[in-house]
Amino acid sequence: MFTRASRTGVVGLAVTAALMAGTAAEAGLLSANSGGAIGAFTGTQLFSNDFGGFTVNASVDYAVFAPGAFGVAFPGQDPSNGSDYVYAYQINNLPGTIPAATAISQFTVGLDGDEPLGATGFISDFGVTNPSSSSYIGSGPTSVAFDFATPQIPFDGTSALVFFTSAAAPELDTATVHAAWADTHLLPSPSPEPATLGLLAMGLGLIGTRRRKA
């Protein structure tokens, strides 16, 4: 199942769970089915932190698929029809010192605010927790959020494979796993549009010129 989103929120819903039975259920975790993904942007990141008994203890499998590659790994399930990069993640809630306090409620990936963005969504599987919603949030937007409110990802549980699409190639940006506590690390995210980078460089150049004149 995937949800298509825009900068103003979710605007549609398509693809039935029947598509998942053949591909995603056989594939298992994202890390076991990331063939064809971009090697430099594929792996697993640990998110582990605690404060006064509040904990988060999770790992996130991640993979970025170049245009067309996601449809090879997951036939029939590329919402961009092969035109965009697919940024895919799967959250694993690891054993913690306080199991009842480690349920995961949200996973977010930071954005720079001017990337070309497409769909958000997920691919389900047996025994995983599906997100209750997925959307772009903030002015820009500043992040993409996958909420696990009802239910949360339980102790020793795993999320569905969650993803979003973009025409932009990957860079690294902050990502956060929210449980009883939160932890943040760098994960793949789209790079800004070239025009934005050009304007940023121009602005830095003007600042340097003004400083020299002063």
# chains A, B, ... in the order shown; residues from 1 in each chain; ligands from 1
>>> closest_atom_pairs(of="region 56-137 of chain A", to="region 176-187 of chain A", cutoff="12 Å", atoms="only C-alpha atoms", output="CSV")
residue,atom,partner,partner_atom,distance
A:Val56,CA,A:Trp181,CA,5.3
A:Asn57,CA,A:Ala179,CA,8.3
A:Ala58,CA,A:Val177,CA,7.7
A:Ser59,CA,A:Val177,CA,9.0
A:Val60,CA,A:Val177,CA,8.7
A:Asp61,CA,A:Leu187,CA,9.8
A:Tyr62,CA,A:Leu187,CA,7.6
A:Ala63,CA,A:Leu187,CA,9.4
A:Val64,CA,A:Leu187,CA,10.1
A:Tyr87,CA,A:Leu187,CA,9.9
A:Ala88,CA,A:Leu187,CA,10.5
A:Tyr89,CA,A:Leu187,CA,9.4
A:Gln90,CA,A:Val177,CA,11.2
A:Ile91,CA,A:Val177,CA,8.4
A:Asn92,CA,A:Val177,CA,10.2
A:Asn93,CA,A:Ala179,CA,9.4
A:Leu94,CA,A:Ala179,CA,11.5
A:Gly96,CA,A:Ala180,CA,11.1
A:Thr97,CA,A:Ala180,CA,11.9
A:Ile98,CA,A:Ala180,CA,9.8
A:Pro99,CA,A:Ala180,CA,10.2
A:Ala100,CA,A:Ala180,CA,9.1
A:Ala101,CA,A:Ala180,CA,5.5
A:Thr102,CA,A:Ala179,CA,5.6
A:Ala103,CA,A:Ala179,CA,5.6
A:Ile104,CA,A:Ala179,CA,4.2
A:Ser105,CA,A:Ala179,CA,5.6
A:Gln106,CA,A:His178,CA,5.1
A:Phe107,CA,A:Val177,CA,4.7
A:Thr108,CA,A:Thr176,CA,5.3
A:Val109,CA,A:Thr176,CA,6.6
A:Gly110,CA,A:Thr176,CA,8.4
A:Leu111,CA,A:Leu187,CA,10.9
>>> closest_residue(among="A:Val128, A:Ala168, A:Val72, A:Ala66", to="Pro154 (chain A)", atoms="only C-alpha atoms")
A:Val128
>>> residues_around(residues="Asp112 (chain A)", least_positions_apart="4", cutoff="12 Å", atoms="only C-alpha atoms", output="CSV table (one decimal) with N, CA, C and O atoms, in the first residue's frame")
chain,number,residue,atom,x,y,z
A,116,PRO,N,12.6,18.3,-4.9
A,116,PRO,CA,11.4,17.9,-5.7
A,116,PRO,C,10.9,16.6,-5.0
A,116,PRO,O,11.6,15.6,-5.0
A,117,LEU,N,9.7,16.6,-4.5
A,117,LEU,CA,9.2,15.5,-3.7
A,117,LEU,C,8.0,14.8,-4.4
A,117,LEU,O,7.2,15.5,-5.0
A,136,TYR,N,4.5,14.9,4.5
A,136,TYR,CA,5.6,15.9,4.6
A,136,TYR,C,5.1,17.0,5.5
A,136,TYR,O,3.9,17.4,5.5
A,137,ILE,N,6.0,17.5,6.4
A,137,ILE,CA,5.6,18.4,7.4
A,137,ILE,C,6.5,19.6,7.5
A,137,ILE,O,7.7,19.5,7.0
A,138,GLY,N,6.0,20.7,8.0
A,138,GLY,CA,6.9,21.9,8.2
A,138,GLY,C,6.8,22.8,7.0
A,138,GLY,O,6.4,22.4,5.9
A,139,SER,N,7.4,24.0,7.1
A,139,SER,CA,7.4,24.9,6.0
A,139,SER,C,8.6,24.6,5.2
A,139,SER,O,9.8,24.7,5.6
A,140,GLY,N,8.4,24.2,3.9
A,140,GLY,CA,9.4,23.9,3.0
A,140,GLY,C,9.1,22.7,2.1
A,140,GLY,O,9.2,22.9,0.9
A,141,PRO,N,8.8,21.5,2.6
A,141,PRO,CA,8.8,21.1,4.0
A,141,PRO,C,10.1,20.8,4.6
A,141,PRO,O,11.1,20.8,3.9
A,142,THR,N,10.2,20.6,5.9
A,142,THR,CA,11.4,20.4,6.6
A,142,THR,C,11.7,18.9,6.9
A,142,THR,O,12.8,18.6,7.3
A,143,SER,N,10.7,18.1,6.8
A,143,SER,CA,10.9,16.7,7.1
A,143,SER,C,9.7,15.8,6.5
A,143,SER,O,8.7,16.4,6.1
A,144,VAL,N,9.9,14.5,6.4
A,144,VAL,CA,8.9,13.6,6.1
A,144,VAL,C,8.7,12.7,7.3
A,144,VAL,O,9.7,12.3,7.9
A,168,ALA,N,15.4,14.0,-7.0
A,168,ALA,CA,16.7,14.4,-6.6
A,168,ALA,C,17.5,13.2,-6.1
A,168,ALA,O,17.0,12.3,-5.3
A,170,PRO,N,20.6,11.3,-3.8
A,170,PRO,CA,20.7,11.4,-2.3
A,170,PRO,C,21.9,12.2,-1.8
A,170,PRO,O,23.0,12.3,-2.5
A,171,GLU,N,21.7,12.7,-0.6
A,171,GLU,CA,22.8,13.2,0.3
A,171,GLU,C,22.5,12.6,1.7
A,171,GLU,O,21.7,11.7,1.8
A,172,LEU,N,23.1,13.2,2.7
A,172,LEU,CA,22.8,12.8,4.1
A,172,LEU,C,22.1,13.9,4.8
A,172,LEU,O,22.5,15.1,4.7
A,173,ASP,N,21.1,13.6,5.6
A,173,ASP,CA,20.4,14.6,6.5
A,173,ASP,C,20.0,13.9,7.8
A,173,ASP,O,20.1,12.7,7.9
A,174,THR,N,19.6,14.7,8.7
A,174,THR,CA,19.3,14.1,10.0
A,174,THR,C,18.0,13.3,9.9
A,174,THR,O,17.0,13.6,9.2
A,189,SER,N,18.8,11.3,2.3
A,189,SER,CA,17.7,12.2,2.0
A,189,SER,C,18.0,12.9,0.7
A,189,SER,O,19.2,13.0,0.3
A,190,PRO,N,17.0,13.4,0.0
A,190,PRO,CA,17.3,14.1,-1.3
A,190,PRO,C,18.1,15.4,-1.1
A,190,PRO,O,18.0,16.1,-0.1
A,191,SER,N,18.9,15.6,-2.1
A,191,SER,CA,19.7,16.9,-2.1
A,191,SER,C,18.8,18.0,-2.7
A,191,SER,O,17.9,17.7,-3.4
A,192,PRO,N,19.1,19.3,-2.3
A,192,PRO,CA,18.3,20.4,-2.9
A,192,PRO,C,18.4,20.5,-4.4
A,192,PRO,O,19.4,20.0,-5.0
A,193,GLU,N,17.5,21.2,-5.0
A,193,GLU,CA,17.5,21.4,-6.4
A,193,GLU,C,18.8,22.2,-6.8
A,193,GLU,O,19.2,23.1,-6.0
A,196,THR,N,18.7,25.9,-6.2
A,196,THR,CA,18.8,26.3,-4.8
A,196,THR,C,20.2,26.4,-4.3
A,196,THR,O,20.7,27.3,-3.7
A,197,LEU,N,21.0,25.4,-4.8
A,197,LEU,CA,22.4,25.4,-4.5
A,197,LEU,C,23.1,26.6,-5.1
A,197,LEU,O,24.0,27.2,-4.5
>>> atom_distance(atom1="CA of Pro75 (chain A)", atom2="CA of Ile123 (chain A)")
11.7 Å
